[in-house]
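J.: This is input.csv (CSV, C-alpha atoms and all ligand atoms).
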chain,number,residue,atom,x,y,z
A,177,MET,CA,165.7,236.9,14.3
A,178,SER,CA,165.3,233.9,11.9
A,179,ALA,CA,162.8,233.6,9.0
A,180,HIS,CA,160.4,232.2,11.6
A,181,GLY,CA,160.5,235.0,14.1
A,182,ASN,CA,160.7,233.4,17.6
A,183,HIS,CA,159.0,230.2,16.4
A,184,LYS,CA,161.1,227.0,16.3
A,185,PRO,CA,159.6,224.9,13.4
A,186,ARG,CA,158.1,221.7,14.8
A,187,LYS,CA,159.0,218.6,12.9
A,188,ARG,CA,156.1,216.6,14.3
A,189,PHE,CA,153.7,219.0,12.7
A,190,GLY,CA,155.5,218.9,9.3
A,191,GLN,CA,156.4,222.5,9.5
A,192,ASN,CA,158.3,223.7,6.4
A,193,PHE,CA,157.3,227.3,5.8
A,194,LEU,CA,157.1,228.8,2.3
A,195,VAL,CA,159.5,231.7,1.9
A,196,ASP,CA,159.8,232.1,-1.9
A,197,GLY,CA,157.7,235.0,-3.0
A,198,SER,CA,157.5,233.9,-6.6
A,199,ILE,CA,156.3,230.4,-5.7
A,200,ILE,CA,153.7,231.9,-3.3
A,201,GLU,CA,152.5,234.1,-6.2
A,202,ARG,CA,152.2,231.1,-8.5
A,203,ILE,CA,150.2,229.2,-5.9
A,204,ILE,CA,147.8,232.1,-5.3
A,205,ASP,CA,147.4,232.5,-9.1
A,206,ALA,CA,146.6,228.8,-9.5
A,207,ILE,CA,144.0,228.9,-6.7
A,208,ASN,CA,142.5,232.1,-8.2
A,209,PRO,CA,140.5,233.1,-5.1
A,210,ALA,CA,137.4,235.1,-5.6
A,211,PRO,CA,135.6,237.2,-2.9
A,212,ASP,CA,132.5,235.0,-3.1
A,213,ASP,CA,134.4,231.8,-2.4
A,214,ALA,CA,133.9,229.8,0.8
A,215,MET,CA,137.5,228.7,1.5
A,216,VAL,CA,139.4,226.8,4.2
A,217,GLU,CA,143.2,226.6,4.4
A,218,ILE,CA,144.7,223.6,6.2
A,219,GLY,CA,147.9,224.5,8.2
A,220,PRO,CA,148.2,228.3,7.7
A,221,GLY,CA,151.4,228.2,9.8
A,222,GLN,CA,152.9,231.7,9.7
A,223,GLY,CA,150.5,232.9,7.1
A,224,ALA,CA,152.7,232.7,3.9
A,225,LEU,CA,149.6,231.9,1.8
A,226,THR,CA,147.0,233.1,4.3
A,227,ARG,CA,147.8,236.8,4.0
A,228,HIS,CA,147.4,236.7,0.2
A,229,LEU,CA,144.2,234.7,0.4
A,230,VAL,CA,142.7,237.2,2.9
A,231,ALA,CA,143.9,240.1,0.7
A,232,SER,CA,141.9,238.6,-2.2
A,233,GLY,CA,138.7,239.3,-0.2
A,234,VAL,CA,137.8,235.7,0.3
A,235,ASP,CA,136.1,234.9,3.7
A,236,LEU,CA,138.9,232.5,4.7
A,237,HIS,CA,138.7,230.0,7.5
A,238,VAL,CA,141.9,228.2,8.7
A,239,ILE,CA,142.5,225.0,10.6
A,240,GLU,CA,145.8,224.9,12.5
A,241,ILE,CA,147.0,222.3,15.0
A,242,ASP,CA,149.9,224.3,16.5
A,243,ARG,CA,148.3,226.4,19.3
A,244,ASP,CA,151.2,228.9,19.3
A,245,LEU,CA,151.0,229.5,15.6
A,246,ALA,CA,147.2,229.8,15.7
A,247,ALA,CA,147.5,232.3,18.6
A,248,ALA,CA,149.9,234.4,16.6
A,249,LEU,CA,147.7,234.5,13.4
A,250,PRO,CA,145.7,237.6,14.2
A,251,THR,CA,149.0,239.4,14.3
A,252,THR,CA,150.8,237.6,11.5
A,253,VAL,CA,147.7,238.0,9.2
A,254,PRO,CA,145.9,241.1,10.5
A,255,GLY,CA,142.8,240.8,8.2
A,256,LEU,CA,142.0,237.2,9.3
A,257,LYS,CA,138.9,237.1,11.5
A,258,PRO,CA,139.8,235.6,14.9
A,259,GLU,CA,136.5,233.6,14.8
A,260,ASN,CA,137.7,232.0,11.5
A,261,ILE,CA,140.7,230.5,13.2
A,262,HIS,CA,140.0,226.8,14.1
A,263,VAL,CA,142.6,225.3,16.4
A,264,GLY,CA,142.6,221.5,15.9
A,265,ASP,CA,143.6,218.5,14.0
A,266,ALA,CA,142.5,218.5,10.3
A,267,LEU,CA,142.5,214.7,10.4
A,268,LYS,CA,139.6,214.9,12.9
A,269,MET,CA,137.5,217.7,11.4
A,270,ASP,CA,134.9,217.9,8.7
A,271,PRO,CA,136.1,220.9,6.6
A,272,THR,CA,132.6,221.4,5.2
A,273,SER,CA,131.2,221.9,8.6
A,274,VAL,CA,133.9,224.4,9.7
A,275,VAL,CA,133.0,226.9,7.0
A,276,PRO,CA,129.5,228.4,6.6
A,277,THR,CA,128.3,228.1,3.0
A,278,ARG,CA,125.4,229.5,1.1
A,279,ALA,CA,122.7,227.1,-0.2
A,280,GLY,CA,124.3,225.1,-3.1
A,281,GLN,CA,127.7,226.6,-2.5
A,282,LYS,CA,130.7,224.2,-2.3
A,283,LEU,CA,133.9,224.6,-0.3
A,284,ARG,CA,137.3,225.3,-1.7
A,285,VAL,CA,140.1,223.7,0.3
A,286,VAL,CA,143.8,224.8,0.0
A,287,GLY,CA,147.0,224.1,1.9
A,288,ASN,CA,150.7,223.5,1.9
A,289,LEU,CA,150.1,220.3,3.8
A,290,PRO,CA,152.1,218.6,6.5
A,291,TYR,CA,153.9,215.9,4.5
A,292,ASN,CA,154.1,213.5,7.5
A,293,ILE,CA,150.3,212.9,7.3
A,294,SER,CA,149.8,213.3,3.6
A,295,THR,CA,148.1,210.0,2.8
A,296,PRO,CA,145.7,209.8,5.8
A,297,LEU,CA,144.8,213.5,5.4
A,298,LEU,CA,144.0,213.0,1.7
A,299,ALA,CA,141.9,209.9,2.5
A,300,HIS,CA,140.1,211.9,5.2
A,301,LEU,CA,139.4,214.9,2.9
A,302,LEU,CA,138.1,212.6,0.1
A,303,ASP,CA,135.2,211.6,2.4
A,304,PHE,CA,133.8,215.1,2.0
A,305,THR,CA,134.1,215.6,-1.7
A,306,GLY,CA,130.3,215.9,-2.0
A,307,GLY,CA,130.6,219.4,-0.5
A,308,ILE,CA,133.9,220.4,-2.1
A,309,GLN,CA,134.4,222.5,-5.3
A,310,ASP,CA,138.1,221.9,-5.5
A,311,MET,CA,141.3,221.4,-3.5
A,312,HIS,CA,144.8,222.9,-4.1
A,313,PHE,CA,147.6,221.4,-2.2
A,314,MET,CA,151.4,221.2,-1.9
A,315,LEU,CA,152.8,217.8,-1.1
A,316,GLN,CA,156.1,216.0,-1.7
A,317,LYS,CA,156.5,215.5,-5.5
A,318,GLU,CA,156.7,211.7,-5.3
A,319,VAL,CA,153.2,211.7,-3.7
A,320,VAL,CA,151.8,214.1,-6.3
A,321,ASP,CA,153.2,211.9,-9.0
A,322,ARG,CA,151.4,208.9,-7.5
A,323,ILE,CA,148.1,210.9,-7.2
A,324,THR,CA,148.2,212.4,-10.7
A,325,THR,CA,149.6,209.5,-12.9
A,326,ALA,CA,148.0,207.1,-15.3
A,327,PRO,CA,148.0,203.3,-15.6
A,328,GLY,CA,151.3,201.7,-16.8
A,329,SER,CA,153.6,204.0,-14.8
A,330,LYS,CA,155.7,203.1,-11.8
A,331,ALA,CA,153.9,205.7,-9.7
A,332,TYR,CA,150.5,204.2,-10.4
A,333,GLY,CA,148.9,202.5,-7.4
A,334,ARG,CA,146.5,202.6,-4.5
A,335,LEU,CA,146.7,206.3,-4.0
A,336,THR,CA,146.1,207.0,-7.7
A,337,LEU,CA,143.0,204.9,-7.7
A,338,LEU,CA,141.7,206.3,-4.4
A,339,CYS,CA,142.1,209.9,-5.4
A,340,GLN,CA,141.0,209.5,-9.1
A,341,TYR,CA,137.9,207.7,-8.0
A,342,TYR,CA,136.7,210.9,-6.3
A,343,CYS,CA,138.5,213.6,-8.2
A,344,ALA,CA,140.2,214.7,-11.4
A,345,ALA,CA,143.9,215.2,-10.4
A,346,ILE,CA,146.1,217.7,-12.2
A,347,PRO,CA,149.8,218.4,-11.3
A,348,LEU,CA,150.4,222.1,-11.6
A,349,PHE,CA,154.1,222.8,-11.0
A,350,PRO,CA,157.2,221.5,-9.1
A,351,VAL,CA,158.6,223.4,-6.1
A,352,PRO,CA,162.2,223.0,-5.1
A,353,PRO,CA,163.3,222.5,-1.4
A,354,GLU,CA,164.8,226.0,-1.3
A,355,ALA,CA,161.4,227.5,-1.5
A,356,PHE,CA,160.8,226.5,2.2
A,357,SER,CA,162.4,227.2,5.5
A,358,PRO,CA,163.5,224.8,6.8
A,359,ALA,CA,164.1,223.2,3.4
A,360,PRO,CA,162.5,219.7,3.3
A,361,ARG,CA,164.7,216.8,2.1
A,362,VAL,CA,162.4,216.1,-0.8
A,363,ASP,CA,161.1,217.9,-3.9
A,364,SER,CA,157.6,219.2,-3.7
A,365,ALA,CA,154.8,219.9,-6.2
A,366,PHE,CA,151.6,221.9,-6.2
A,367,PHE,CA,148.4,220.2,-7.6
A,368,ARG,CA,144.7,220.4,-8.0
A,369,LEU,CA,141.9,217.9,-7.2
A,370,THR,CA,138.5,218.6,-8.6
A,371,PRO,CA,135.8,216.3,-7.3
A,372,HIS,CA,133.9,214.4,-10.1
A,373,PRO,CA,130.1,215.2,-10.3
A,374,ALA,CA,129.7,211.4,-10.3
A,375,PRO,CA,132.3,208.6,-9.9
A,376,PRO,CA,133.9,207.7,-13.2
A,377,VAL,CA,133.1,204.0,-12.7
A,378,GLU,CA,130.1,202.2,-11.1
A,379,VAL,CA,131.1,200.5,-7.9
A,380,GLN,CA,128.5,199.1,-5.6
A,381,ASP,CA,130.8,198.5,-2.6
A,382,HIS,CA,133.6,201.0,-2.4
A,383,ALA,CA,135.3,199.4,0.5
A,384,LEU,CA,135.5,196.1,-1.5
A,385,PHE,CA,136.9,198.1,-4.5
A,386,GLN,CA,139.7,199.4,-2.2
A,387,GLN,CA,140.4,195.9,-0.9
A,388,VAL,CA,140.7,194.5,-4.4
A,389,VAL,CA,143.1,197.4,-5.4
A,390,ALA,CA,145.1,196.9,-2.2
A,391,GLN,CA,145.4,193.2,-2.8
A,392,ALA,CA,146.5,193.6,-6.4
A,393,PHE,CA,149.2,196.1,-5.5
A,394,SER,CA,150.3,194.2,-2.4
A,395,LYS,CA,152.7,192.3,-4.8
A,396,ARG,CA,153.0,194.8,-7.6
A,397,ARG,CA,155.8,192.9,-9.4
A,398,LYS,CA,153.7,189.7,-9.6
A,399,THR,CA,150.9,188.8,-12.0
A,400,LEU,CA,147.3,189.3,-11.0
A,401,ARG,CA,146.9,185.5,-10.8
A,402,ASN,CA,149.4,185.5,-8.0
A,403,SER,CA,148.7,188.8,-6.2
A,404,LEU,CA,144.9,188.5,-6.3
A,405,ALA,CA,145.0,184.8,-5.3
A,406,PRO,CA,143.7,185.4,-1.7
A,407,MET,CA,140.5,187.0,-3.1
A,408,MET,CA,139.9,185.5,-6.5
A,409,ASN,CA,141.2,182.7,-8.8
A,410,ALA,CA,142.2,183.0,-12.5
A,411,GLU,CA,138.7,182.0,-13.7
A,412,MET,CA,137.1,184.8,-11.7
A,413,ILE,CA,139.7,187.3,-13.1
A,414,ALA,CA,138.9,186.1,-16.6
A,415,GLU,CA,135.2,186.5,-15.9
A,416,ALA,CA,135.9,190.2,-15.3
A,417,GLY,CA,137.4,190.3,-18.8
A,418,ILE,CA,141.0,190.7,-17.4
A,419,ASP,CA,144.1,188.8,-18.4
A,420,ALA,CA,145.4,187.2,-15.2
A,421,SER,CA,149.0,187.4,-16.5
A,422,LEU,CA,149.0,191.2,-16.3
A,423,ARG,CA,150.4,193.1,-13.3
A,424,ALA,CA,148.4,195.5,-11.1
A,425,GLU,CA,149.8,198.6,-12.7
A,426,ALA,CA,148.4,197.7,-16.2
A,427,LEU,CA,144.8,197.9,-15.0
A,428,SER,CA,142.5,200.9,-15.4
A,429,MET,CA,139.9,202.0,-12.8
A,430,GLU,CA,137.2,200.3,-15.0
A,431,ASP,CA,139.2,197.0,-14.8
A,432,TYR,CA,139.3,197.3,-11.0
A,433,ALA,CA,135.5,198.0,-11.0
A,434,ALA,CA,135.0,194.9,-13.1
A,435,LEU,CA,137.1,192.8,-10.7
A,436,THR,CA,135.2,194.2,-7.7
A,437,ALA,CA,131.9,193.2,-9.3
A,438,VAL,CA,133.0,189.6,-9.8
A,439,VAL,CA,134.3,189.4,-6.2
A,440,ALA,CA,131.0,190.9,-4.9
A,441,HIS,CA,129.0,188.4,-7.0
A,442,TYR,CA,130.8,185.4,-5.5
A,443,GLN,CA,130.4,186.8,-2.0
A,444,GLN,CA,126.6,186.7,-2.3
A,501,LIG,N1,151.0,227.2,5.1
A,501,LIG,C1,152.3,227.5,5.8
A,501,LIG,C2,153.3,227.8,4.7
A,501,LIG,O1,153.0,227.5,3.6
A,501,LIG,O2,154.3,228.3,5.1
A,501,LIG,C3,152.7,226.3,6.6
A,501,LIG,C4,152.8,225.0,5.9
A,501,LIG,S1,153.6,223.7,6.9
A,501,LIG,C5,154.1,222.6,5.6
A,501,LIG,C6,152.2,222.7,7.5
A,501,LIG,C7,151.3,223.4,8.5
A,501,LIG,O3,150.3,222.5,8.9
A,501,LIG,C8,152.0,223.8,9.8
A,501,LIG,O4,151.5,225.1,10.1
A,501,LIG,C9,151.5,222.8,10.8
A,501,LIG,O5,151.5,223.3,12.1
A,501,LIG,C10,150.1,222.5,10.3
A,501,LIG,N2,149.6,221.1,10.7
A,501,LIG,C11,150.3,220.0,10.8
A,501,LIG,N3,149.5,219.0,11.1
A,501,LIG,C12,148.3,219.5,11.1
A,501,LIG,C13,147.0,218.9,11.4
A,501,LIG,N4,146.9,217.6,11.7
A,501,LIG,N5,145.9,219.7,11.3
A,501,LIG,C14,146.0,221.0,11.0
A,501,LIG,N6,147.2,221.6,10.8
A,501,LIG,C15,148.3,220.8,10.8
Please rewrite the model in this file as structure tokens.
T.:
Amino acid sequence: MSAHGNHKPRKRFGQNFLVDGSIIERIIDAINPAPDDAMVEIGPGQGALTRHLVASGVDLHVIEIDRDLAAALPTTVPGLKPENIHVGDALKMDPTSVVPTRAGQKLRVVGNLPYNISTPLLAHLLDFTGGIQDMHFMLQKEVVDRITTAPGSKAYGRLTLLCQYYCAAIPLFPVPPEAFSPAPRVDSAFFRLTPHPAPPVEVQDHALFQQVVAQAFSKRRKTLRNSLAPMMNAEMIAEAGIDASLRAEALSMEDYAALTAVVAHYQQ
């Protein structure tokens, strides 16, 4: 029998199962589950993390898209309550409504996520940060670098600004391909997102903020004068207090908020 029992890993569901015990231990330590936590795991798979989370005493709920794996979970993870197994697409579910919480309690979200849907899944989860205490995820290292970096770096971009608008983003540790079966072709990393109590910048129109960011990074090697031209001219950029000869990656979140305010003003 293979490391997966009779299950043939499904590429379309991003199935790379964790098999390295020391990495699994580091992940559980970083999550630090407590019996009082309300927790949901996205993509429990064959239970590599799930069995340790359940053993910690936390009342764990899981969301799994693969019906076969979900059906096997009561056997692969004996302590997991069958009613806590939610079969479905995490992209289409509100995690905060899947798990019952006490008044004032926020949800903890964890998972070794399917890499093929990493950006849409993160964008989806960020919609629910009002009800979330923290999120601990594994993703490809290149994506974790983009999420957790700072202005001025190559990795800085739309995903950085999207995630860091909602959350403090901390890289925790890298994970090599050999920690999984089958081994992914990329390096991975484990990281933490902690939702801000309030956004770090004041933005009236968040959709417009994202449009300005997307426009600026659409030509990341060009100056802002050039990349932002479809939305604003050099005078408007100067009005926001920004040098139009800079590139998108030089600007902080505050700078993008200032640009958004000027665009909003001229749209009135
Ligand atoms: N947690 C397991 C582990 O660490 O070994 C499995 C991780 S594997 C990278 C990703 C898991 O997410 C798989 O079990 C896969 O079936 C599941 N999955 C993929 N797409 C999903 C989706 N849209 N909603 C919920 N689960 C999904």
J.: Using all atoms listed in the file, which residues have at least one atom no more than 8 Å from ligand LIG 501 (chain A)? Output them as a PyMOL selection string.
T.: chain A and resi 186+188-195+217-226+239-242+245+263-268+287-291+293+297+356
J.: Point out the residue among A:Val362, A:Gly328, A:Ala434, A:Leu337 with the least atom-to-atom distance to Leu422 (chain A), counting only C-alpha atoms.
T.: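 Using only C-alpha atoms, Leu422 (chain A) sits closest to A:Gly328.
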J.: Between A:Ala383, A:Ala247, A:Leu283, A:Ala374, which one has atoms that come closest to Asp235 (chain A), using all atoms listed in the file?
T.: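 The shortest atom-to-atom distance to Asp235 (chain A) comes from A:Leu283.
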J.: So, with all atoms listed in the file as the atoms that count, which of A:Ala392, A:Ser232, A:Asp196, A:Ala414 lies closest to Pro353 (chain A)?
T.: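 Looking at the shortest contact to Pro353 (chain A), the residue is A:Asp196.
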J.: Excluding region 307-317 of chain A and its own-chain neighbours fewer than 4 positions away, which residues fall within 7 Å of it when counting all atoms listed in the file? Please give them as a PyMOL selection string.
T.: chain A and resi 207+272+282-289+291+321+362-371
J.: Tell me which of A:Val389, A:Ala433, A:Met407, A:Ala426 sits closest to Pro375 (chain A), counting only C-alpha atoms.
T.: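 Smallest separation from Pro375 (chain A) among the options: A:Ala433.
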J.: Would you kindly return, as a VMD selection string, each protein, DNA or RNA residue with an atom no farther than 12 Å from any atom of Asp431 (chain A), considering all atoms listed in the file and excluding same-chain residues fewer than 3 positions away?
T.: chain A and resid 327 337 377 to 379 385 388 to 389 392 400 413 to 420 422 to 428 434 to 438
J.: Hey, can you check how far CA of Cys339 (chain A) sits from CA of Asp212 (chain A)?
T.: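 Answer for the CA of Cys339 (chain A) to CA of Asp212 (chain A) separation: 27.0 Å.
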J.: Compile the contact shell of Gln340 (chain A) as an MDAnalysis selection string: residues with an atom at most 10 Å away, counting all atoms listed in the file, same-chain residues fewer than 2 positions apart removed.
T.: chainID A and resid 323:326 334:338 342:345 369:372 375:376 429
